[in-house]
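Scroll down for the structure; my scribbles are underneath it.
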There are 2 protein chains.
Amino acid sequence: MFRKPATKQEPLDDTTVDRIDAWWRAANYLSIGQIYLLDNPLLRESLAAEHIKPRLLGHWGTCPGLNFLYAHLNRTIIERDLDMMYVCGPGHGGPAMVAAAWLEGTYSEVYSHIGDDESGLRALFRQFSFPGGVPSHVAPETPGSIHEGGELGYALSHAYGAAFDNPDLIVAAVIGDGEAETGPLATSWHSNKFLNPTTDGTVLPILHLNGYKIANPSLLARIPRSELEALMTGYGHKPYWFEGGFNGEKPADAHRRFAALLDDVLDEIATIRDEARTDTTSTRPAWPMIVFKTPKGWTGPVEVDGSPVEDTWRSHQVPMSAVRGNEEHTGKLADWMLSYRPEGLFDEEGRLRAEIAELNPVGQRRMSANPHANGGLISKDLRLPDFRAHAVEVSPPGSVNAEATRVLGNWLGEVMEANPDNFRVFGPDETVSNRLAATVDVGGKAWNAEILPVDEHLSRDGRVVEMLSEHQCQGWLEGYLLTGRHGLFNSYEAFVHIVDSMFNQHAKWLKVTRNIPWRAPIASLNYLLSSHVWRQDHNGFSHQDPGFIDHVVNKKADIIRVYLPPDANTLLSTYDHCLRTSNYVNVVVAGKQEQAQWLAMDEAIAHCTRGIGIWDWASTDGGNVDPDVVLACAGDVPTLETLAAVDLLTQNFPDLSIRVVNVVDLMRLQDAKEHPHGLSDAEFDALFTTDRPVVFAYHGYPWLIHRLTYRRTNHGNIHVRGYKEEGTTTTPFDMLMLNDLDRYHLVIDVIDRVGRLGRHAAGVRQNMVDSRLRARQHTRETGEDLPEVHDWTWPGLPARD
Amino acid sequence: MFRKPATKQEPLDDTTVDRIDAWWRAANYLSIGQIYLLDNPLLRESLAAEHIKPRLLGHWGTCPGLNFLYAHLNRTIIERDLDMMYVCGPGHGGPAMVAAAWLEGTYSEVYSHIGDDESGLRALFRQFSFPGGVPSHVAPETPGSIHEGGELGYALSHAYGAAFDNPDLIVAAVIGDGEAETGPLATSWHSNKFLNPTTDGTVLPILHLNGYKIANPSLLARIPRSELEALMTGYGHKPYWFEGGFNGEKPADAHRRFAALLDDVLDEIATIRDEARTDTTSTRPAWPMIVFKTPKGWTGPVEVDGSPVEDTWRSHQVPMSAVRGNEEHTGKLADWMLSYRPEGLFDEEGRLRAEIAELNPVGQRRMSANPHANGGLISKDLRLPDFRAHAVEVSPPGSVNAEATRVLGNWLGEVMEANPDNFRVFGPDETVSNRLAATVDVGGKAWNAEILPVDEHLSRDGRVVEMLSEHQCQGWLEGYLLTGRHGLFNSYEAFVHIVDSMFNQHAKWLKVTRNIPWRAPIASLNYLLSSHVWRQDHNGFSHQDPGFIDHVVNKKADIIRVYLPPDANTLLSTYDHCLRTSNYVNVVVAGKQEQAQWLAMDEAIAHCTRGIGIWDWASTDGGNVDPDVVLACAGDVPTLETLAAVDLLTQNFPDLSIRVVNVVDLMRLQDAKEHPHGLSDAEFDALFTTDRPVVFAYHGYPWLIHRLTYRRTNHGNIHVRGYKEEGTTTTPFDMLMLNDLDRYHLVIDVIDRVGRLGRHAAGVRQNMVDSRLRARQHTRETGEDLPEVHDWTWPGLPARD
């Protein structure tokens with residue numbers, strides 16, 4: 001439970017000031033030691049070349065500020081028994097966060113080879129930015145973190161994702177003033193309009209205004225205070241301004257002033273929470289945020305080689321970069337480190353002195369050990385209602401139409417109902433457009449800005465979170481998953497590329513965590529990509545791009561999964577599976593339009609379990625091992641076209657032996673050596689034969705199928721149709737024709753590849769060409785597809801001798 | 001020349017009010033006509049089913065606001081002789097911008113099949129969102145536009161890119177309140193800190209606050225006015241607030257009020273420009289911006305089927321979506337369209353009445369015909385200094401080291417000097433890190449926020465534009481190119497994925513413009529990707545991703561070019577070529593670290609001209625058509641490893657016949673049928689043989705090479721090494737070993753694939769395995785690579801019999 005505001009805080013007593021300052025000095029000392037030292041961690045010997053790393057790789061500039069904040073937050077955690085996480089936005093804060101985790105003892109608990117004494121310190125220093133060690137950024141290896149410090153821009157989105165549905169949590173989110181220039185960060189301030197002060201936790205943004213990036217000033221440090229305060233006010237916050245460490249201010253004075261400010265801020269947070277939780281009619285609060293303006297590289301060298309360093313961009317990385325073998329710099333480094341008075345910080349064995357360690361919270365109250373930051377530890381499995389109850393009745397195949405994502409949405413609505421504080425749907429204003437309206441009906445849409453009578457479904461309690469920012473959707477979901485919950489991100493297929501780079505970082509995070517035993521598995525990141533390339537009737541060429549799959553499959557095979565369910569029942573079965581998995585990224589592509597349904601639920605489950613299979617009911621090969629041709633398909637629209645092509649083929653070539661193979665799980669195509677879902681060569685050959693022509697109708701860019709299958713025996717005979725970047729605003733069938741993926745062209749492809757079709761083959765081929773021309777012409781004249789292409793239904797196969 | 005402030009404007013006279021209102025009504029009428037009508041464009045017959053489109057695809061909601069603004073801007077263009085562009089941010093404003101271009105006559109000028117009379121109107125209506133017609137968004141087909149309305153978020157970045165170095169231009173940038181929620185848009189407001197009021201034009205942001213997106217309210221419409229004004233103030237603007245059309249306000253009153261506000265705004269702009277251009281010590285101005293709050297679907301149906309429509313999200317697309325065959329809706333549509341009194345707008349022939357047309361500016365002053373919006377028309381070729389003057393002296397190959405991007409940077413500095421108002425370099429705070437420091441030395445860095453004494457190279461006049469936002473870099477550059485100038489975007493390789501989706505949209509724009517005769521070609525979009533995957537010593541796994549190339553090659557072959565120059569001279573030659581091209585996207589990947597140089601300038605030019613070729617001096621096949629093995633390489637680091645492997649191989653197998661093939665132009669690998677740079681099969685076979693093993697060392701994800709070559713005769717023998725997503729913070733050589741791309745492993749790959757190497761092959765192989773182990777162990781112990789791997793130099797080939 002959160003604390004009510006304490007009575008007005010007293011100014012810090014001297015003992016506490018000293019303790020905070022000592023903890024800060026210790027953390028700064030450790031930050032520098034990690035960057036520079038291989039050995040002699042406590043400087044008990046005179047500093048020599050062999051103690052210094054040969055390659056100095058790390059970033060000092062942001063560390064003292066991060067450490068200062070950590071020390072002060074620790075005091076308040078203890079005094080107020082706060083449940084608090086620390087999200088470290090500045091990308092290069094690695095040394096600081098590792099230092100804090102070591103000082104709190106967490107580091108030695110999770111890494112037994114890094115003890116809490118001098119030899120542990122030596123190992124801690126050595127491993128940093130060292131081969132076989134830990135990265136220079138905050139990373140999965142850093143206890144207490146859910147936020148990689150590599151790519152910048154997502155600190156606040158992650159923090160809000162963590163705060164959702166964690167009413168007692170406070171997420172201190174430190175934002176670098178470099179990161180603050182990115183687009184994703186700039187819009188993520190508005191996350192406060194999606195936070196429910198009653199059922200969600202609190203995010204305390206702290207803008208770390210230290211003035212410089214790699215080689216430039218930061219923008220927000222170079223606008224007047226009045227503008228920056230207006231900006232924060234405009235973002236909906238109440239800004240608190242702190243400047244410390246300038247003009248020779250004594251640390252003790254800075255500590256006293258900041259502690260008082262922090263107490264005011266936390267009092268205000270407690271008041272806001274309290275009011276919101278007792279008065280449900282209260283309006284959106286202006287949550288406090290802190291502008292924390294301190295010198296870059298605070299307490300570091302003022303000047304090196306005649307150039308100013310502290311409070312300039314020269315503090316960004318390594319203030320003295322050629323120390324080894326440079327006596328002057330070596331001496332300067334020793335003086336600098338000794339200025340923190342390590343003898344007063346660490347005891348004989350090199351342990352943090354007990355009186356300083358009193359600033360460490362206990363157990364899970366330590367930010368480095370907060371279980372929310374290792375979300376798998378506290379994750380609860382979803383309660384999943386039986387998706388079979390939503391089965392579309394399909395008998396025989398093709399006899400009924402349905403909107404696949406609407407069917408899925410109905411089930412997801414039940415999932416939401418069964419998991420009221422553990423499952424959210426994110427989307428950029430497209431959830432209803434993507435036909436997941438049931439989730440909105442059940443859960444409402446999160447909204448804590450103004451609500452008007454005309455609005456529908458908006459509420460503070462909403463479980464569907466929609467903002468027109470794919471970055472926010474992805475960032476929120478990542479934060480939500482990393483703190484142990486479940487969810488999905490639904491997007492238009494083309495625009496999910498907006499988060500390509502965020503996906504990269506999350507996939508890399510997951511890959512690394514697989515080798516970190518103390519990180520418990522988290523729920524998979526689930527995408528639902530709809531409004532896909534083949535149905536952009538409203539929008540045209542700019543909305544046509546099925547390439548996210550191509551992007552995804554570049555990442556490690558044990559992380560990524562791609563599914564292309566051909567109808568509603570297979571989509572249900574697929575998504576039920578995805579919501580049960582952990583540590584994956586699942587990409588599911590499914591259309592939202594009315595389309596023919598193929599598999600009854602039992603068949604759908606069996607098909608999805610295999611991930612790929614022969615559709616006997618659509619094949620005319622009678623189970624022969626040697627059909628004349630294999631028609632393969634992946635994706636809902638290509639499956640429909642393939643079956644329509646089978647219909648045309650059987651009408652025209654009744655003796656043709658056709659095998660239809662449908663692919664749900666795309667990674668089945670890959671080699672078993674390359675992907676855990678991959679088929680063995682023998683299995684692949686059994687499906688695709690070793691020598692028969694294969695005409696493959698694929699949802700996306702056709703070359704991806706070649707990239708997945710180039711090692712297969714029969715690869716030379718695989719001919720793929722897909723999206724080849726031809727499109728415009730036109731009808732669905734015209735889109736297929738523009739890309740040669742339509743049924744007529746598939747028939748042409750078969751005729752061109754199968755010999756012995758008889759003399760009438762040429763005539764049939766010409767009919768297909770004519771059919772395409774006729775369809776094209778009709779569309780240009782009327783704006784509509786020929787009725788026959790949409791009225792077509794699967795007639796079943798003719799009886800055979 | 002810009003105008004000084006006029007004397008205080010009089011209120012609009014009634015004639016002008018009437019003219020503006022008539023123009024607005026005409027534009028609204030045309031917007032609706034495009035969405036709904038196939039025929040009967042002037043409603044001179046009773047509206048019947050056959051006049052109505054069968055599929056209603058378009059967006060009404062934002063149109064009336066866009067049209068209102070257009071009409072008012074036109075008045076000021078005429079009165080003040082302004083050179084003005086209109087950037088239409090709201091994605092779905094297509095009908096409005098097409099309507100304006102038609103009313104101004106531009107549409108009929110560039111599309112002869114769309115006349116300026118009734119039959120032209122019929123064609124105009126019919127083509128909209130119709131197969132074979134034009135998209136429902138603003139698109140390349142729309143005269144006056146540089147900004148696709150598909151993906152959202154880039155309106156302001158594009159507008160600023162257009163304004164740079166166009167001192168007399170005003171760019172009216174209308175920002176949708178949906179778009180305003182995106183990250184890129186949220187940070188792009190800060191572009192004003194990079195604008196020089198003396199030498200750049202002005203951007204006038206107009207936030208079109210119409211309250212709703214597809215299915216939700218917009219965020220900025222649901223925060224208090226005080227917060228939104230604070231936000232705009234915080235972004236550095238002076239906000240002007242306009243609310244019009246609410247509570248039954250008469251249009252005439254809205255026109256009068258808005259005209260007065262717009263005059264104030266333009267007076268203020270003129271004053272700011274004037275002051276900045278006479279007083280060079282002036283500080284950054286707070287440029288005006290307008291919050292334009294009007295009802296969504298203003299003047300549209302108030303209610304449909306009992307639900308409110310005007311001023312709700314139900315106006316977003318088609319207010320009545322089932323008109324054809326619904327008599328009530330048909331009647332309602334007719335009433336709605338007739339409410340604009342078309343008989344007073346269009347004459348007997350269907351032409352815009354002359355007195356209304358007086359609101360159209362003349363010639364190039366029309367925003368739909370402004371030449372800046374068809375930048376190729378006014379583009380000047382770059383003056384390119386001779387890059388040969390920067391040649392690195394290389395004789396023999398491998399005898400000298402250089403930092404390739406630094407050499408390039410020195411030449412780019414000269415390019416900048418020779419083109420002082422026509423060429424810019426964009427980058428996210430990495431330009432100096434990427435070793436292009438010379439461009440900063442020559443051109444300075446654009447900065448119009450506060451400058452402190454400690455700063456270096458910052459100035460209002462800066463030609464290098466750096467903000468920590470890849471979105472901004474890309475968006476600015478796109479705007480700059482689309483208005484006829486030249487430039488490049490330098491980025492860390494991994495993080496260019498941040499703009500994957502922006503690249504998509506630009507590539508699609510270029511593809512479409514190729515079929516629009518009136519669009520003159522614009523300079524290519526040039527990327528320089530450095531700090532690449534193989535040299536992330538500081539950063540590690542999060543900074544390792546060479547997949548942008550994979551993303552790029554999904555786009556149309558006639559648009560995209562990918563270059564991997566192996567050294568400085570080839571990089572110079574490549575970039576000289578890129579800066580001379582138009583309508584391409586050129587991706588160039590090059591390292592910034594000291595590395596061996598291979599080709600003298602003449603050889604480099606010849607090699608780049610071919611794009612791929614045998615390096616005779618590194619081959620031991622004596623020109624034989626049948627070497628024992630082909631060692632292919634693409635990328636600087638893989639080339640070095642390949643040559644080191646050749647050295648090892650020749651030492652151990654003096655009789656082995658090796659051919660070295662280096663690839664600069666990656667698209668040479670593809671089939672000539674697939675890409676204009678592609679080799680014919682015969683050419684490919686001549687390089688790669690038809691049956692010999694090929695060990696291919698590639699810069700990026702290895703499967704891309706397979707995707708490009710799977711149809712080649714010898715594909716089955718091509719074995720590719722590249723980045724397989726194995727990485728961490730470690731040394732450069734360890735990175736290669738983690739991915740099996742190191743010289744030792746390349747030798748192993750050769751041994752494993754070439755027979756008849758003699759009995760000692762097994763021993764050599766074991767030596768290679770041991771060398772790898774030793775290198776790994778050394779790195780883990782010392783943090784450094786074995787000196788021998790970096791000290792290695794190309795020894796030349798031994799003399800042969």
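Here, A, B, ... name the chains of the structure tokens in the order displayed, residue numbers run from 1 inside each chain, and ligands are numbered from 1 in the same displayed order.
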If we count only C-alpha atoms and set the cut-off at 8 Å, which residues sit around region 751-765 of chain A, ignoring sequence neighbours fewer than 5 positions away in its own chain? Please answer as a list in words.
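Here the answer would be Asp628, Val629, Asn652, Phe653, Leu656 and Pro693 of chain A.
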Could you write those residues out with N, CA and C atoms, as a PDB file, in the first residue's frame?
ATOM      1  N   ASP A 628       1.784 -34.310 -59.706  1.00  0.00           N
ATOM      2  CA  ASP A 628       2.351 -33.574 -60.845  1.00  0.00           C
ATOM      3  C   ASP A 628       2.877 -32.208 -60.416  1.00  0.00           C
ATOM      4  N   VAL A 629       2.214 -31.644 -59.431  1.00  0.00           N
ATOM      5  CA  VAL A 629       2.597 -30.298 -59.017  1.00  0.00           C
ATOM      6  C   VAL A 629       2.185 -30.104 -57.557  1.00  0.00           C
ATOM      7  N   ASN A 652     -10.169 -27.897 -65.691  1.00  0.00           N
ATOM      8  CA  ASN A 652      -9.542 -27.922 -67.016  1.00  0.00           C
ATOM      9  C   ASN A 652      -8.659 -29.144 -67.233  1.00  0.00           C
ATOM     10  N   PHE A 653      -8.107 -29.657 -66.136  1.00  0.00           N
ATOM     11  CA  PHE A 653      -7.195 -30.802 -66.261  1.00  0.00           C
ATOM     12  C   PHE A 653      -7.589 -31.846 -65.217  1.00  0.00           C
ATOM     13  N   LEU A 656      -4.958 -34.048 -63.609  1.00  0.00           N
ATOM     14  CA  LEU A 656      -3.763 -33.483 -62.998  1.00  0.00           C
ATOM     15  C   LEU A 656      -3.711 -33.842 -61.512  1.00  0.00           C
ATOM     16  N   PRO A 693       7.429 -29.582 -59.757  1.00  0.00           N
ATOM     17  CA  PRO A 693       7.287 -28.128 -59.669  1.00  0.00           C
ATOM     18  C   PRO A 693       6.423 -27.729 -58.467  1.00  0.00           C
TER      19      PRO A 693
END
- Residues of chain A within 6 Å of chain B, only C-alpha atoms counted, as a PyMOL selection string: chain A and resi 57+129-131+135+150+181-184+186-187+222+227-228+230-231+234+449-450+468-469+497-498+501+538+542+707+729-730+780+783
File of the preceding selection, N, CA and C atoms, as a short mmCIF file (atom, residue, chain, number, x, y, z; two decimals), in the first residue's frame:
data_model
loop_
_atom_site.label_atom_id
_atom_site.label_comp_id
_atom_site.auth_asym_id
_atom_site.auth_seq_id
_atom_site.Cartn_x
_atom_site.Cartn_y
_atom_site.Cartn_z
N LEU A 57 36.84 1.86 -22.53
CA LEU A 57 35.56 1.91 -23.23
C LEU A 57 34.46 2.09 -22.21
N SER A 129 32.86 -3.71 -19.86
CA SER A 129 33.26 -3.38 -21.23
C SER A 129 34.51 -4.15 -21.62
N PHE A 130 34.57 -5.38 -21.19
CA PHE A 130 35.74 -6.22 -21.39
C PHE A 130 35.26 -7.50 -22.06
N PRO A 131 36.07 -8.05 -22.96
CA PRO A 131 35.64 -9.29 -23.62
C PRO A 131 35.22 -10.35 -22.61
N PRO A 135 28.38 -5.33 -21.00
CA PRO A 135 28.40 -4.16 -21.89
C PRO A 135 28.54 -2.86 -21.11
N GLY A 150 21.06 0.92 -24.98
CA GLY A 150 21.71 1.01 -26.28
C GLY A 150 21.05 2.06 -27.16
N GLU A 181 15.66 14.21 -27.05
CA GLU A 181 15.49 14.78 -28.39
C GLU A 181 14.84 13.80 -29.36
N THR A 182 14.82 12.52 -29.03
CA THR A 182 14.24 11.55 -29.96
C THR A 182 12.72 11.72 -30.04
N GLY A 183 12.19 11.30 -31.16
CA GLY A 183 10.75 11.37 -31.33
C GLY A 183 9.99 10.54 -30.31
N PRO A 184 10.34 9.26 -30.17
CA PRO A 184 9.58 8.44 -29.24
C PRO A 184 9.55 9.02 -27.82
N ALA A 186 9.90 12.18 -27.05
CA ALA A 186 9.17 13.45 -27.04
C ALA A 186 7.67 13.25 -26.91
N THR A 187 7.16 12.17 -27.50
CA THR A 187 5.71 11.96 -27.38
C THR A 187 5.36 11.17 -26.14
N ARG A 222 19.56 24.18 -23.71
CA ARG A 222 19.88 25.44 -24.34
C ARG A 222 18.63 26.25 -24.72
N GLU A 227 10.99 28.31 -21.03
CA GLU A 227 10.48 27.45 -22.10
C GLU A 227 10.43 25.99 -21.67
N LEU A 228 11.46 25.55 -21.00
CA LEU A 228 11.48 24.15 -20.57
C LEU A 228 10.36 23.90 -19.56
N ALA A 230 7.57 25.54 -19.41
CA ALA A 230 6.32 25.55 -20.17
C ALA A 230 6.13 24.22 -20.89
N LEU A 231 7.22 23.68 -21.44
CA LEU A 231 7.13 22.40 -22.15
C LEU A 231 6.62 21.31 -21.20
N GLY A 234 3.12 21.85 -20.39
CA GLY A 234 2.33 21.49 -21.55
C GLY A 234 2.17 19.99 -21.67
N ALA A 449 -7.57 11.81 -20.18
CA ALA A 449 -7.73 13.21 -20.57
C ALA A 449 -9.23 13.50 -20.53
N GLU A 450 -9.63 14.63 -21.04
CA GLU A 450 -11.04 15.01 -20.97
C GLU A 450 -11.92 14.00 -21.71
N LEU A 468 -1.89 7.35 -31.07
CA LEU A 468 -1.43 7.26 -32.45
C LEU A 468 0.09 7.34 -32.48
N SER A 469 0.70 6.34 -31.88
CA SER A 469 2.15 6.25 -31.86
C SER A 469 2.53 4.79 -31.70
N HIS A 497 6.57 -1.32 -39.31
CA HIS A 497 7.98 -0.98 -39.57
C HIS A 497 8.45 0.22 -38.76
N ILE A 498 7.51 1.02 -38.31
CA ILE A 498 7.89 2.16 -37.48
C ILE A 498 8.66 1.69 -36.25
N SER A 501 13.17 -0.93 -35.21
CA SER A 501 14.37 -0.85 -34.39
C SER A 501 14.06 -1.20 -32.94
N HIS A 538 -8.78 1.32 -48.94
CA HIS A 538 -8.91 2.73 -48.58
C HIS A 538 -7.63 3.52 -48.84
N SER A 542 0.98 3.45 -50.19
CA SER A 542 1.73 3.83 -48.99
C SER A 542 1.47 2.89 -47.82
N ARG A 707 14.89 -17.46 -49.45
CA ARG A 707 15.89 -17.35 -48.40
C ARG A 707 15.72 -18.45 -47.35
N THR A 729 -4.08 2.38 -55.25
CA THR A 729 -5.44 2.32 -54.73
C THR A 729 -6.28 1.58 -55.75
N THR A 730 -6.66 0.38 -55.41
CA THR A 730 -7.48 -0.38 -56.35
C THR A 730 -8.24 -1.45 -55.61
N ARG A 780 -11.41 -1.29 -64.00
CA ARG A 780 -11.15 0.09 -64.42
C ARG A 780 -12.44 0.81 -64.79
N GLY A 783 -14.88 0.25 -61.08
CA GLY A 783 -14.36 0.47 -59.73
C GLY A 783 -14.55 -0.72 -58.82
#
Task: Selection: 7 Å around Gly297 (chain B), only C-alpha atoms, excl. self and same-chain fewer than 4 positions, as a list in words - done: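 The contact residues come out as Trp60, Gly61, Thr62, Pro64, Glu310, Asp311 and Ser315 of chain B.
In this structure, CA of Leu103 (chain A) sits 25.2 Å away from CA of Leu209 (chain A).
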Original post:
For Arg463 (chain A), which of A:Glu275, A:Asp165, A:Glu50, A:Asp267 is the closest residue, counting only C-alpha atoms?
Top reply: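 Of all the options, A:Asp165 lies closest to Arg463 (chain A).
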